[in-house]
Structures are given as structure tokens and as C-alpha cells.
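Structure below is model_27.pdb: PDB, C-alpha atoms.
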```pdb
MODEL        1
ATOM      1  CA  MET A1421     -78.461 -85.968 -74.268
ATOM      2  CA  SER A1422     -78.925 -87.070 -70.686
ATOM      3  CA  ARG A1423     -76.275 -89.597 -69.824
ATOM      4  CA  PRO A1424     -77.091 -91.962 -66.979
ATOM      5  CA  VAL A1425     -74.848 -91.666 -63.938
ATOM      6  CA  THR A1426     -73.883 -95.036 -62.516
ATOM      7  CA  LEU A1427     -71.727 -96.347 -59.687
ATOM      8  CA  PHE A1428     -69.086 -99.017 -60.281
ATOM      9  CA  THR A1429     -69.575-101.614 -57.543
ATOM     10  CA  GLY A1430     -66.012-102.961 -57.459
ATOM     11  CA  GLN A1431     -65.071-100.866 -54.421
ATOM     12  CA  TRP A1432     -68.278-101.947 -52.658
ATOM     13  CA  ALA A1433     -67.906-105.711 -52.953
ATOM     14  CA  ASP A1434     -67.989-106.066 -49.164
ATOM     15  CA  MET A1435     -71.699-105.196 -49.415
ATOM     16  CA  THR A1436     -74.435-107.320 -50.936
ATOM     17  CA  LEU A1437     -75.855-106.117 -54.214
ATOM     18  CA  GLU A1438     -79.130-105.236 -52.508
ATOM     19  CA  THR A1439     -77.354-103.133 -49.894
ATOM     20  CA  ILE A1440     -75.330-101.114 -52.386
ATOM     21  CA  ALA A1441     -78.336-100.821 -54.726
ATOM     22  CA  GLU A1442     -80.451 -99.319 -51.962
ATOM     23  CA  LYS A1443     -77.694 -96.893 -51.026
ATOM     24  CA  ALA A1444     -76.910 -95.912 -54.618
ATOM     25  CA  SER A1445     -80.562 -95.187 -55.275
ATOM     26  CA  SER A1446     -80.759 -92.954 -52.221
ATOM     27  CA  TRP A1447     -77.664 -91.071 -53.434
ATOM     28  CA  GLY A1448     -79.313 -90.355 -56.783
ATOM     29  CA  TYR A1449     -77.620 -92.805 -59.145
ATOM     30  CA  ASP A1450     -79.415 -94.063 -62.240
ATOM     31  CA  GLY A1451     -77.791 -97.475 -62.232
ATOM     32  CA  LEU A1452     -74.882 -99.695 -61.294
ATOM     33  CA  GLU A1453     -71.875-100.946 -63.230
ATOM     34  CA  LEU A1454     -71.774-104.463 -61.832
ATOM     35  CA  ALA A1455     -68.466-105.961 -60.769
ATOM     36  CA  CYS A1456     -68.056-109.682 -61.417
ATOM     37  CA  TRP A1457     -66.927-110.332 -57.865
ATOM     38  CA  GLY A1458     -68.507-110.241 -54.446
ATOM     39  CA  ASP A1459     -72.141-111.227 -54.911
ATOM     40  CA  HIS A1460     -72.856-108.494 -57.454
ATOM     41  CA  PHE A1461     -72.637-110.504 -60.671
ATOM     42  CA  ASP A1462     -71.595-114.152 -60.945
ATOM     43  CA  VAL A1463     -70.566-115.137 -64.467
ATOM     44  CA  ARG A1464     -71.088-118.859 -63.973
ATOM     45  CA  ARG A1465     -74.503-118.441 -62.379
ATOM     46  CA  ALA A1466     -75.519-116.094 -65.192
ATOM     47  CA  LEU A1467     -74.825-118.829 -67.726
ATOM     48  CA  GLU A1468     -76.041-121.824 -65.722
ATOM     49  CA  GLU A1469     -79.232-120.457 -64.113
ATOM     50  CA  ASP A1470     -82.132-119.503 -66.367
ATOM     51  CA  ASN A1471     -83.472-116.708 -64.167
ATOM     52  CA  TYR A1472     -80.264-115.291 -62.682
ATOM     53  CA  CYS A1473     -79.881-112.308 -65.037
ATOM     54  CA  GLU A1474     -83.539-111.376 -64.774
ATOM     55  CA  GLN A1475     -83.340-111.580 -60.993
ATOM     56  CA  ARG A1476     -80.339-109.220 -60.981
ATOM     57  CA  LYS A1477     -82.248-106.704 -63.098
ATOM     58  CA  GLU A1478     -85.368-107.073 -60.980
ATOM     59  CA  LEU A1479     -83.358-106.375 -57.845
ATOM     60  CA  LEU A1480     -81.983-103.196 -59.411
ATOM     61  CA  ALA A1481     -85.417-102.175 -60.660
ATOM     62  CA  LYS A1482     -86.705-102.451 -57.100
ATOM     63  CA  TYR A1483     -84.542 -99.389 -56.409
ATOM     64  CA  ASP A1484     -85.198 -97.674 -59.770
ATOM     65  CA  LEU A1485     -81.753 -98.619 -61.084
ATOM     66  CA  LYS A1486     -80.582-100.054 -64.410
ATOM     67  CA  VAL A1487     -77.398-101.689 -65.674
ATOM     68  CA  TRP A1488     -75.498-100.728 -68.839
ATOM     69  CA  SER A1489     -72.240-102.636 -68.333
ATOM     70  CA  ILE A1490     -70.449-105.255 -66.257
ATOM     71  CA  SER A1491     -66.776-105.353 -65.339
ATOM     72  CA  ASN A1492     -64.336-108.199 -64.805
ATOM     73  CA  HIS A1493     -61.033-106.461 -64.153
ATOM     74  CA  LEU A1494     -59.638-109.035 -61.736
ATOM     75  CA  VAL A1495     -59.900-112.049 -64.026
ATOM     76  CA  GLY A1496     -58.850-110.057 -67.095
ATOM     77  CA  GLN A1497     -55.628-109.114 -65.317
ATOM     78  CA  ALA A1498     -54.556-112.751 -65.306
ATOM     79  CA  VAL A1499     -54.937-113.335 -69.054
ATOM     80  CA  CYS A1500     -51.521-111.892 -69.996
ATOM     81  CA  ASP A1501     -49.789-111.416 -66.659
ATOM     82  CA  LEU A1502     -46.741-113.206 -65.329
ATOM     83  CA  ILE A1503     -48.665-115.078 -62.627
ATOM     84  CA  ASP A1504     -47.525-115.083 -58.997
ATOM     85  CA  ASP A1505     -49.080-115.472 -55.550
ATOM     86  CA  ARG A1506     -50.653-112.003 -55.686
ATOM     87  CA  HIS A1507     -53.121-113.231 -58.291
ATOM     88  CA  LYS A1508     -54.420-115.925 -55.953
ATOM     89  CA  GLU A1509     -55.832-113.171 -53.732
ATOM     90  CA  ILE A1510     -57.919-111.597 -56.497
ATOM     91  CA  LEU A1511     -59.043-114.550 -58.624
ATOM     92  CA  PRO A1512     -61.992-116.917 -58.171
ATOM     93  CA  LYS A1513     -60.876-120.324 -56.925
ATOM     94  CA  HIS A1514     -61.950-122.021 -60.143
ATOM     95  CA  VAL A1515     -59.738-119.654 -62.156
ATOM     96  CA  TRP A1516     -56.724-119.970 -59.855
ATOM     97  CA  GLY A1517     -57.005-123.758 -59.724
ATOM     98  CA  ASP A1518     -53.638-125.326 -58.914
ATOM     99  CA  GLY A1519     -51.831-122.029 -59.568
ATOM    100  CA  ASP A1520     -49.846-123.271 -62.556
ATOM    101  CA  PRO A1521     -49.201-119.979 -64.419
ATOM    102  CA  GLU A1522     -50.183-121.065 -67.911
ATOM    103  CA  GLY A1523     -53.212-122.893 -66.568
ATOM    104  CA  VAL A1524     -54.282-119.750 -64.726
ATOM    105  CA  ARG A1525     -53.928-117.679 -67.901
ATOM    106  CA  GLN A1526     -55.970-120.153 -69.936
ATOM    107  CA  ARG A1527     -58.734-120.390 -67.325
ATOM    108  CA  ALA A1528     -58.803-116.596 -67.055
ATOM    109  CA  ALA A1529     -59.208-116.341 -70.832
ATOM    110  CA  ASP A1530     -62.088-118.831 -70.722
ATOM    111  CA  GLU A1531     -63.730-116.849 -67.928
ATOM    112  CA  ILE A1532     -63.531-113.607 -69.925
ATOM    113  CA  LYS A1533     -65.121-115.382 -72.891
ATOM    114  CA  ASP A1534     -67.904-116.478 -70.557
ATOM    115  CA  THR A1535     -68.166-112.921 -69.248
ATOM    116  CA  ALA A1536     -68.988-111.761 -72.776
ATOM    117  CA  ARG A1537     -71.670-114.458 -73.031
ATOM    118  CA  ALA A1538     -73.051-113.475 -69.622
ATOM    119  CA  ALA A1539     -73.161-109.806 -70.617
ATOM    120  CA  ALA A1540     -75.153-110.700 -73.721
ATOM    121  CA  LYS A1541     -77.558-112.731 -71.603
ATOM    122  CA  LEU A1542     -77.937-109.804 -69.196
ATOM    123  CA  GLY A1543     -78.542-107.525 -72.166
ATOM    124  CA  VAL A1544     -75.626-105.113 -71.741
ATOM    125  CA  PRO A1545     -73.350-104.072 -74.623
ATOM    126  CA  VAL A1546     -70.023-103.613 -72.816
ATOM    127  CA  VAL A1547     -67.685-105.587 -70.572
ATOM    128  CA  ASN A1548     -65.000-103.445 -68.944
ATOM    129  CA  GLY A1549     -61.768-104.807 -67.585
ATOM    130  CA  PHE A1550     -58.038-105.305 -67.678
ATOM    131  CA  THR A1551     -55.831-107.350 -69.991
ATOM    132  CA  GLY A1552     -52.719-107.877 -67.922
ATOM    133  CA  SER A1553     -49.308-107.654 -69.578
ATOM    134  CA  SER A1554     -46.297-109.916 -69.946
ATOM    135  CA  ILE A1555     -44.016-106.900 -70.441
ATOM    136  CA  TRP A1556     -45.072-104.418 -67.754
ATOM    137  CA  SER A1557     -41.966-105.331 -65.747
ATOM    138  CA  LYS A1558     -39.917-104.263 -68.795
ATOM    139  CA  LEU A1559     -41.330-100.732 -68.650
ATOM    140  CA  TYR A1560     -38.029 -99.200 -67.585
ATOM    141  CA  SER A1561     -35.525-100.638 -70.010
ATOM    142  CA  PHE A1562     -32.639-101.540 -67.759
ATOM    143  CA  PRO A1563     -31.002-103.915 -68.185
ATOM    144  CA  PRO A1564     -31.787-102.855 -71.742
ATOM    145  CA  ASN A1565     -34.606-104.719 -73.458
ATOM    146  CA  LYS A1566     -33.651-106.660 -76.526
ATOM    147  CA  PRO A1567     -35.109-105.067 -79.680
ATOM    148  CA  ASP A1568     -37.902-107.611 -80.004
ATOM    149  CA  THR A1569     -38.850-107.911 -76.322
ATOM    150  CA  VAL A1570     -41.711-105.423 -76.488
ATOM    151  CA  ASP A1571     -42.820-106.760 -79.864
ATOM    152  CA  LYS A1572     -43.158-110.226 -78.330
ATOM    153  CA  GLY A1573     -45.233-108.789 -75.491
ATOM    154  CA  PHE A1574     -47.759-107.241 -77.863
ATOM    155  CA  GLN A1575     -47.818-110.427 -79.896
ATOM    156  CA  ASP A1576     -48.542-112.413 -76.734
ATOM    157  CA  PHE A1577     -51.404-110.004 -76.026
ATOM    158  CA  ALA A1578     -52.810-110.467 -79.530
ATOM    159  CA  ASP A1579     -52.446-114.245 -79.405
ATOM    160  CA  ARG A1580     -54.327-114.449 -76.109
ATOM    161  CA  TRP A1581     -56.991-111.812 -76.727
ATOM    162  CA  ASN A1582     -57.968-112.449 -80.342
ATOM    163  CA  PRO A1583     -59.715-115.741 -79.467
ATOM    164  CA  ILE A1584     -61.452-113.950 -76.579
ATOM    165  CA  LEU A1585     -62.577-111.141 -78.867
ATOM    166  CA  ASP A1586     -63.922-113.701 -81.323
ATOM    167  CA  VAL A1587     -66.490-114.571 -78.663
ATOM    168  CA  PHE A1588     -67.230-110.881 -78.063
ATOM    169  CA  ASP A1589     -67.961-110.551 -81.775
ATOM    170  CA  GLU A1590     -70.150-113.667 -81.742
ATOM    171  CA  VAL A1591     -72.391-112.254 -79.010
ATOM    172  CA  ASP A1592     -72.210-108.597 -80.183
ATOM    173  CA  VAL A1593     -70.593-107.245 -77.008
ATOM    174  CA  LYS A1594     -67.630-104.852 -76.818
ATOM    175  CA  PHE A1595     -64.619-105.071 -74.494
ATOM    176  CA  GLY A1596     -63.516-101.824 -72.868
ATOM    177  CA  LEU A1597     -59.942-101.892 -71.574
ATOM    178  CA  GLU A1598     -59.349 -99.502 -68.705
ATOM    179  CA  VAL A1599     -56.029 -98.006 -69.814
ATOM    180  CA  HIS A1600     -53.995 -98.306 -66.655
ATOM    181  CA  PRO A1601     -50.489 -99.027 -65.382
ATOM    182  CA  THR A1602     -49.763-102.794 -65.405
ATOM    183  CA  GLU A1603     -51.936-103.304 -68.528
ATOM    184  CA  ILE A1604     -50.796-103.811 -72.109
ATOM    185  CA  ALA A1605     -51.945-100.215 -72.717
ATOM    186  CA  PHE A1606     -51.258 -97.538 -70.115
ATOM    187  CA  ASP A1607     -51.038 -94.362 -72.229
ATOM    188  CA  ILE A1608     -51.908 -93.197 -75.739
ATOM    189  CA  ALA A1609     -48.805 -94.624 -77.406
ATOM    190  CA  SER A1610     -49.272 -98.101 -75.938
ATOM    191  CA  ALA A1611     -53.028 -97.978 -76.607
ATOM    192  CA  GLU A1612     -52.325 -97.289 -80.273
ATOM    193  CA  ARG A1613     -49.936-100.208 -80.335
ATOM    194  CA  ALA A1614     -52.481-102.521 -78.714
ATOM    195  CA  ILE A1615     -55.030-101.686 -81.436
ATOM    196  CA  GLU A1616     -52.404-102.250 -84.093
ATOM    197  CA  ALA A1617     -51.526-105.643 -82.569
ATOM    198  CA  LEU A1618     -55.190-106.648 -82.943
ATOM    199  CA  ASP A1619     -55.338-105.386 -86.552
ATOM    200  CA  GLY A1620     -57.808-102.721 -85.509
ATOM    201  CA  ARG A1621     -60.699-105.018 -84.685
ATOM    202  CA  LYS A1622     -63.665-103.123 -83.270
ATOM    203  CA  ALA A1623     -64.541-105.543 -80.476
ATOM    204  CA  PHE A1624     -61.654-103.965 -78.550
ATOM    205  CA  GLY A1625     -61.940-100.420 -77.260
ATOM    206  CA  PHE A1626     -61.641 -98.483 -74.052
ATOM    207  CA  ASN A1627     -63.249 -97.800 -70.728
ATOM    208  CA  TYR A1628     -62.005 -94.211 -70.596
ATOM    209  CA  ASP A1629     -60.686 -93.240 -67.163
ATOM    210  CA  PRO A1630     -58.767 -89.947 -67.015
ATOM    211  CA  SER A1631     -57.446 -90.550 -63.500
ATOM    212  CA  HIS A1632     -54.894 -93.081 -64.744
ATOM    213  CA  LEU A1633     -53.603 -90.714 -67.403
ATOM    214  CA  GLY A1634     -53.409 -87.268 -65.835
ATOM    215  CA  TYR A1635     -50.750 -87.857 -63.201
ATOM    216  CA  GLN A1636     -48.552 -89.624 -65.774
ATOM    217  CA  GLY A1637     -48.513 -86.494 -67.916
ATOM    218  CA  VAL A1638     -50.616 -88.137 -70.640
ATOM    219  CA  ASP A1639     -52.990 -85.936 -72.670
ATOM    220  CA  TYR A1640     -56.235 -87.302 -71.217
ATOM    221  CA  LEU A1641     -58.364 -84.979 -73.361
ATOM    222  CA  GLY A1642     -56.470 -85.926 -76.495
ATOM    223  CA  PHE A1643     -57.152 -89.568 -75.666
ATOM    224  CA  ILE A1644     -60.854 -89.017 -76.384
ATOM    225  CA  ASP A1645     -60.196 -87.450 -79.775
ATOM    226  CA  ASN A1646     -57.521 -89.997 -80.629
ATOM    227  CA  PHE A1647     -59.862 -92.923 -79.971
ATOM    228  CA  SER A1648     -63.169 -91.222 -80.732
ATOM    229  CA  ASP A1649     -64.776 -94.376 -82.141
ATOM    230  CA  ARG A1650     -63.502 -96.659 -79.365
ATOM    231  CA  ILE A1651     -64.750 -94.950 -76.213
ATOM    232  CA  TYR A1652     -67.162 -97.695 -75.184
ATOM    233  CA  HIS A1653     -67.599 -96.648 -71.557
ATOM    234  CA  VAL A1654     -66.486 -93.843 -69.225
ATOM    235  CA  HIS A1655     -65.282 -93.871 -65.644
ATOM    236  CA  MET A1656     -65.636 -90.649 -63.712
ATOM    237  CA  LYS A1657     -62.635 -90.771 -61.418
ATOM    238  CA  ASP A1658     -60.414 -87.956 -60.243
ATOM    239  CA  VAL A1659     -56.775 -87.678 -59.229
ATOM    240  CA  TRP A1660     -54.633 -85.059 -57.546
ATOM    241  CA  TRP A1661     -50.954 -84.539 -58.266
ATOM    242  CA  SER A1662     -48.458 -82.214 -56.677
ATOM    243  CA  ASP A1663     -47.166 -78.987 -58.167
ATOM    244  CA  LYS A1664     -43.918 -79.455 -56.249
ATOM    245  CA  PRO A1665     -41.341 -82.255 -56.043
ATOM    246  CA  THR A1666     -42.227 -84.938 -53.503
ATOM    247  CA  LYS A1667     -40.420 -87.785 -51.750
ATOM    248  CA  ALA A1668     -42.339 -90.417 -53.732
ATOM    249  CA  GLY A1669     -42.619 -89.705 -57.449
ATOM    250  CA  VAL A1670     -44.842 -90.957 -60.252
ATOM    251  CA  PHE A1671     -43.907 -94.573 -59.481
ATOM    252  CA  GLY A1672     -45.167 -94.196 -55.904
ATOM    253  CA  GLY A1673     -42.011 -95.009 -53.943
ATOM    254  CA  HIS A1674     -43.611 -98.187 -52.513
ATOM    255  CA  THR A1675     -45.891 -95.990 -50.391
ATOM    256  CA  ASP A1676     -49.556 -96.696 -49.687
ATOM    257  CA  PHE A1677     -52.364 -94.557 -51.085
ATOM    258  CA  GLY A1678     -52.983 -91.631 -48.767
ATOM    259  CA  ASN A1679     -49.333 -91.232 -47.755
ATOM    260  CA  LYS A1680     -48.460 -87.547 -47.429
ATOM    261  CA  ASP A1681     -45.220 -88.040 -49.354
ATOM    262  CA  ARG A1682     -46.903 -89.227 -52.550
ATOM    263  CA  TYR A1683     -46.770 -87.197 -55.771
ATOM    264  CA  TRP A1684     -50.320 -88.242 -56.681
ATOM    265  CA  ASP A1685     -53.437 -89.796 -55.165
ATOM    266  CA  PHE A1686     -56.957 -90.665 -56.240
ATOM    267  CA  VAL A1687     -59.609 -88.317 -54.877
ATOM    268  CA  SER A1688     -63.377 -87.992 -55.012
ATOM    269  CA  VAL A1689     -64.753 -86.711 -58.318
ATOM    270  CA  GLY A1690     -64.413 -82.943 -58.625
ATOM    271  CA  ARG A1691     -61.783 -82.633 -55.897
ATOM    272  CA  GLY A1692     -58.689 -83.288 -58.009
ATOM    273  CA  LYS A1693     -57.013 -81.846 -61.080
ATOM    274  CA  ILE A1694     -58.957 -83.532 -63.858
ATOM    275  CA  ASP A1695     -60.871 -81.000 -65.970
ATOM    276  CA  PHE A1696     -64.262 -82.699 -66.239
ATOM    277  CA  ASP A1697     -65.877 -79.759 -68.015
ATOM    278  CA  ARG A1698     -63.517 -80.236 -70.956
ATOM    279  CA  ILE A1699     -64.026 -84.005 -70.777
ATOM    280  CA  ILE A1700     -67.788 -83.565 -71.167
ATOM    281  CA  ARG A1701     -67.205 -81.247 -74.115
ATOM    282  CA  ALA A1702     -64.888 -83.816 -75.721
ATOM    283  CA  LEU A1703     -67.395 -86.624 -75.112
ATOM    284  CA  ASN A1704     -70.093 -84.489 -76.744
ATOM    285  CA  ARG A1705     -67.787 -83.898 -79.691
ATOM    286  CA  VAL A1706     -67.338 -87.641 -80.271
ATOM    287  CA  GLU A1707     -71.067 -88.254 -79.583
ATOM    288  CA  TYR A1708     -70.558 -90.548 -76.608
ATOM    289  CA  ALA A1709     -74.002 -91.273 -75.162
ATOM    290  CA  GLY A1710     -73.224 -94.029 -72.663
ATOM    291  CA  PRO A1711     -73.115 -93.874 -68.882
ATOM    292  CA  LEU A1712     -70.848 -91.756 -66.730
ATOM    293  CA  SER A1713     -69.816 -94.324 -64.166
ATOM    294  CA  VAL A1714     -68.319 -93.176 -60.877
ATOM    295  CA  GLU A1715     -65.394 -95.310 -59.754
ATOM    296  CA  TRP A1716     -65.078 -93.926 -56.269
ATOM    297  CA  GLU A1717     -61.662 -94.002 -54.600
ATOM    298  CA  ASP A1718     -60.401 -91.519 -52.043
ATOM    299  CA  SER A1719     -58.294 -92.638 -49.090
ATOM    300  CA  GLY A1720     -58.978 -89.368 -47.247
ATOM    301  CA  MET A1721     -62.785 -89.355 -47.336
ATOM    302  CA  GLU A1722     -65.585 -91.514 -45.940
ATOM    303  CA  ARG A1723     -66.836 -93.439 -48.953
ATOM    304  CA  GLU A1724     -70.589 -92.968 -48.536
ATOM    305  CA  ILE A1725     -70.163 -89.199 -48.321
ATOM    306  CA  GLY A1726     -67.933 -89.347 -51.376
ATOM    307  CA  ALA A1727     -70.248 -91.532 -53.417
ATOM    308  CA  SER A1728     -73.220 -89.327 -52.646
ATOM    309  CA  GLU A1729     -71.497 -86.068 -53.595
ATOM    310  CA  SER A1730     -70.052 -87.732 -56.718
ATOM    311  CA  ALA A1731     -73.524 -88.525 -58.046
ATOM    312  CA  ASP A1732     -74.556 -84.902 -57.590
ATOM    313  CA  TYR A1733     -71.350 -83.623 -59.156
ATOM    314  CA  CYS A1734     -71.639 -85.796 -62.261
ATOM    315  CA  LYS A1735     -75.235 -84.785 -62.865
ATOM    316  CA  LYS A1736     -74.349 -81.119 -62.539
ATOM    317  CA  ILE A1737     -71.260 -81.290 -64.771
ATOM    318  CA  ASP A1738     -72.943 -83.200 -67.625
ATOM    319  CA  PHE A1739     -74.623 -81.286 -70.440
ATOM    320  CA  SER A1740     -75.814 -81.904 -73.981
ATOM    321  CA  ALA A1741     -74.130 -80.749 -77.155
ATOM    322  CA  PRO A1742     -75.898 -77.835 -78.889
ATOM    323  CA  GLY A1743     -78.344 -78.576 -81.657
ATOM    324  CA  ALA A1744     -77.019 -75.631 -83.668
ATOM    325  CA  ALA A1745     -74.265 -73.050 -83.513
ATOM    326  CA  PHE A1746     -74.942 -70.490 -80.774
ATOM    327  CA  ASP A1747     -74.818 -67.635 -83.274
ATOM    328  CA  SER A1748     -76.984 -69.272 -85.947
ATOM    329  CA  ALA A1749     -79.985 -67.138 -84.975
ATOM    330  CA  PHE A1750     -78.142 -64.056 -86.194
ATOM    331  CA  SER A1751     -78.267 -65.349 -89.767
ATOM    332  CA  GLU A1752     -82.055 -65.677 -89.883
ATOM    333  CA  LYS A1753     -83.845 -62.996 -91.858
ATOM    334  CA  ASP A1754     -87.470 -61.955 -91.881
ATOM    335  CA  ASP A1755     -89.333 -62.588 -95.145
TER     336      ASP A1755
ENDMDL
END
```

Before anything else, please render the file you have as C-alpha cells.
Amino acid sequence: MSRPVTLFTGQWADMTLETIAEKASSWGYDGLELACWGDHFDVRRALEEDNYCEQRKELLAKYDLKVWSISNHLVGQAVCDLIDDRHKEILPKHVWGDGDPEGVRQRAADEIKDTARAAAKLGVPVVNGFTGSSIWSKLYSFPPNKPDTVDKGFQDFADRWNPILDVFDEVDVKFGLEVHPTEIAFDIASAERAIEALDGRKAFGFNYDPSHLGYQGVDYLGFIDNFSDRIYHVHMKDVWWSDKPTKAGVFGGHTDFGNKDRYWDFVSVGRGKIDFDRIIRALNRVEYAGPLSVEWEDSGMEREIGASESADYCKKIDFSAPGAAFDSAFSEKDD
């Protein structure tokens, strides 16, 4: 098994696709996970222009790169969220429209349906993204939530995402939720509940990213075993957390990333506390053969240095599962 190592382009949207493709190739990546913002992948153009998808692939091929997935986190966030002015800053103008909250949610849902269609046209099997959540603000139950408040939130998620997932099924593409604070699923317990809300349908799975689990105290290795048949994509992203009490705790204390008083911070792959050796072993165990996609974030490092070393790190840390038990040779006998 030789998993391709890719670079998620979401943090590089200030560059043209050609610029980041050329750089990624020089750093040793095998492909790109295309973000559906910046000029990297345009959902509407993919559906409206006959040659758009082929041109995207040809541009990548020019630099010996391929694409295995696309990601539309920003629009997905608006499907279930309680919409406010923050969303205007991250959404395409045609999704934001007049800013009416329910209109925004409906247009976001339509855009995610189109993202599935665009992925099928591009020839990739997975769309990664967010779902948003109508109940994230109820995370800490004070004033106490009414007994059915959380139930209604998961029902709202199911009501909004089942029609979206119908389209994913129609075009034979999977949706990979990046389990993450502010989403309907942010740990194992809430991920289980999200699957239950959807009656277990297989179009919905996960873009596994251990960095969002480790600092919360969630069993990020157990996540792989727990959802062994729903790991549709993998983000290689690292996080550091403190061994000592800090001024700003798990919730961040309204501090910016990189603040010295934070309890946790994202760091370049291999420089944090995530045990990637055990992750690779767990991925081998569940027979995950898809890409290892670097989502590079580190507020204390120059990004091109970080992206380059991350490609090297991921290629060194990856290894295949054995074809037989290591001690099987001892049982062989001469005739």
C-alpha cells in the first residue's frame, strides 16, 4: 500500500491553482485536495462549462499531480448554522444572497448538492466539508437545555442533510464530515449520534482529522476503529497541548492562535502530540487506502517550509500492512 500524499489547498487560496500546484510538486506531493474557494475549484463552472474539470486535471498533470477529493467546508458550514454576519465573509455571494438566514441555509444546501455533482464530473469519490450546527451554542447547558433541545438539533441536521445525501447517492460520491468544534459532530459521541440521526446511511462518513480530537481529550485512535467503515478521507494535521494549566483553556479564552497563553495550538505535522505512527497502524487495520492529505496550519512557522517538511514527514511515516504474520516463517517445515 502506497498512499498518495496530498496538500489541502484551503489555506493557500490566496494563490492561484497553478502557483500552488507548482510549489506542491516541488515539495514532493502526489496531488492536491482542491478547495472550492479561491480559484482552485469552482462548483458552478464545473457544472456549466464542458471542459472545466478536464482543464483542472490537465493543469495538475502539468506538475505530475492528481486529485482524489474536493472540499467545500465554507458552504457546508451554512447548511445548519444559525446565520449571522460572520458567514457573509466566508460564503460566495450567490450563496449569501440577501442574507436572510433561511434563504442562506437553503442556497448552501443547493450548493453542496451541486458540489457532489461537480465531484462526480471531476471523477473524484469524496467531498469533504462541514455541516454546521443549530445547537453548537447549546454545548454548555446553562441555562439548562430543555430535554428535547439537542434532539431537535439532530433532527434539523437530518432534515437538511438527507436531501443533500440523496444527491450524493445519485452520483455515487461520499460526503466526509471533518469532525470539528462548531459542527453537528465534534467528538465520538456526537458523531455516533449524527449517524443515528441519518439512519446509518453510507453516503455520510468522515474526513478523519486527529488534530480536532486530541486536545479535547477524545480518543482519536479509537475514532478510527469506531468508524472503520466510514473513514472516507484523512487529514494529516497536528496539534500541541500543554501538560500544565494555562490562562486560556480548551475553549481558547477568546485568544488568537499562536498566543502564548493558549492550552493548545495547531502545529506542523510531526511537531505536536498526535501519534501518527499509531494512526497509520490503525488505518492499515481498517484497510484505508485513500490519500493522506496535509492540512497545514502552524502560526509559528513559515508555511512553505512547513508544507515542504510535511510532505517528507508523511511519506516517511506511512507504511503498508504486512502480508502475513511476522512469525509465520517459523511454522514452515521442509518436506

Take the PyMOL selection byres ((chain A and resi 1594) around 12), run it mentally on this structure, and tell me the resulting residues as a ChimeraX atom specification. /A:1488-1491,1532-1533,1535-1537,1539-1540,1544-1549,1584-1593,1595-1597,1621-1627,1650-1653

What do you get, as a short mmCIF file (atom, residue, chain, number, x, y, z; two decimals) with C-alpha atoms, keeping the file's coordinate frame, if you spell out every residue that the PyMOL selection byres ((chain A and resi 1456) around 12) selects here?
```
data_model
loop_
_atom_site.label_atom_id
_atom_site.label_comp_id
_atom_site.auth_asym_id
_atom_site.auth_seq_id
_atom_site.Cartn_x
_atom_site.Cartn_y
_atom_site.Cartn_z
CA PHE A 1428 -69.09 -99.02 -60.28
CA THR A 1429 -69.58 -101.61 -57.54
CA GLY A 1430 -66.01 -102.96 -57.46
CA GLN A 1431 -65.07 -100.87 -54.42
CA TRP A 1432 -68.28 -101.95 -52.66
CA ALA A 1433 -67.91 -105.71 -52.95
CA LEU A 1437 -75.86 -106.12 -54.21
CA GLU A 1453 -71.88 -100.95 -63.23
CA LEU A 1454 -71.77 -104.46 -61.83
CA ALA A 1455 -68.47 -105.96 -60.77
CA TRP A 1457 -66.93 -110.33 -57.86
CA GLY A 1458 -68.51 -110.24 -54.45
CA ASP A 1459 -72.14 -111.23 -54.91
CA HIS A 1460 -72.86 -108.49 -57.45
CA PHE A 1461 -72.64 -110.50 -60.67
CA ASP A 1462 -71.60 -114.15 -60.94
CA VAL A 1463 -70.57 -115.14 -64.47
CA ARG A 1464 -71.09 -118.86 -63.97
CA ARG A 1465 -74.50 -118.44 -62.38
CA ALA A 1466 -75.52 -116.09 -65.19
CA SER A 1489 -72.24 -102.64 -68.33
CA ILE A 1490 -70.45 -105.26 -66.26
CA SER A 1491 -66.78 -105.35 -65.34
CA ASN A 1492 -64.34 -108.20 -64.81
CA HIS A 1493 -61.03 -106.46 -64.15
CA LEU A 1494 -59.64 -109.04 -61.74
CA VAL A 1495 -59.90 -112.05 -64.03
CA GLY A 1496 -58.85 -110.06 -67.10
CA ILE A 1510 -57.92 -111.60 -56.50
CA LEU A 1511 -59.04 -114.55 -58.62
CA PRO A 1512 -61.99 -116.92 -58.17
CA GLU A 1531 -63.73 -116.85 -67.93
CA ILE A 1532 -63.53 -113.61 -69.92
CA ASP A 1534 -67.90 -116.48 -70.56
CA THR A 1535 -68.17 -112.92 -69.25
CA ALA A 1536 -68.99 -111.76 -72.78
CA ALA A 1538 -73.05 -113.48 -69.62
CA ALA A 1539 -73.16 -109.81 -70.62
CA VAL A 1547 -67.68 -105.59 -70.57
CA ASN A 1548 -65.00 -103.44 -68.94
CA GLY A 1549 -61.77 -104.81 -67.58
#
```

Have a look at CA of Thr1666 (chain A) and CA of Gly1552 (chain A) and let me know their distance in Å, one decimal. 29.1 Å

Restricting the calculation to all atoms listed in the file, which member of A:Tyr1640, A:Ser1561, A:Gly1710, A:Asn1704 is positioned closest to Val1654 (chain A)? A:Gly1710

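One finds CA of Trp1556 (chain A) at 19.9 Å from CA of Pro1630 (chain A).
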
Report, as AutoDock Vina command-line options, the centre and edge lengths in Å (one decimal) of the axis-aligned box enclosing every listed atom of region 1426-1441 of chain A, padded by 6 Å on each side.
```
--center_x -72.1 --center_y -101.2 --center_z -55.8 --size_x 26.1 --size_y 24.3 --size_z 25.4
```

Point-to-point distance in Å for CA of Asp1695 (chain A) and CA of Tyr1635 (chain A): 12.5 Å

Can you give me, as a count of residues only, the residues this file yields under the PyMOL selection byres ((chain A and resi 1680-1687) around 10)? 41

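Proximity of A:Leu1542, A:Ile1440, A:Ala1731, A:Val1515 to Glu1478 (chain A), computed with only C-alpha atoms, is greatest for A:Leu1542.
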
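Between Glu1729 (chain A) and the residues A:Ala1609, A:Ala1741, A:Ala1481, A:Ala1444, the shortest atom-to-atom distance, using all atoms listed in the file, involves A:Ala1444.
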
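Using all atoms listed in the file for every distance, the candidate list A:Pro1424, A:Gly1543, A:Gly1517, A:Gly1743 yields A:Gly1543 as the residue closest to Arg1476 (chain A).
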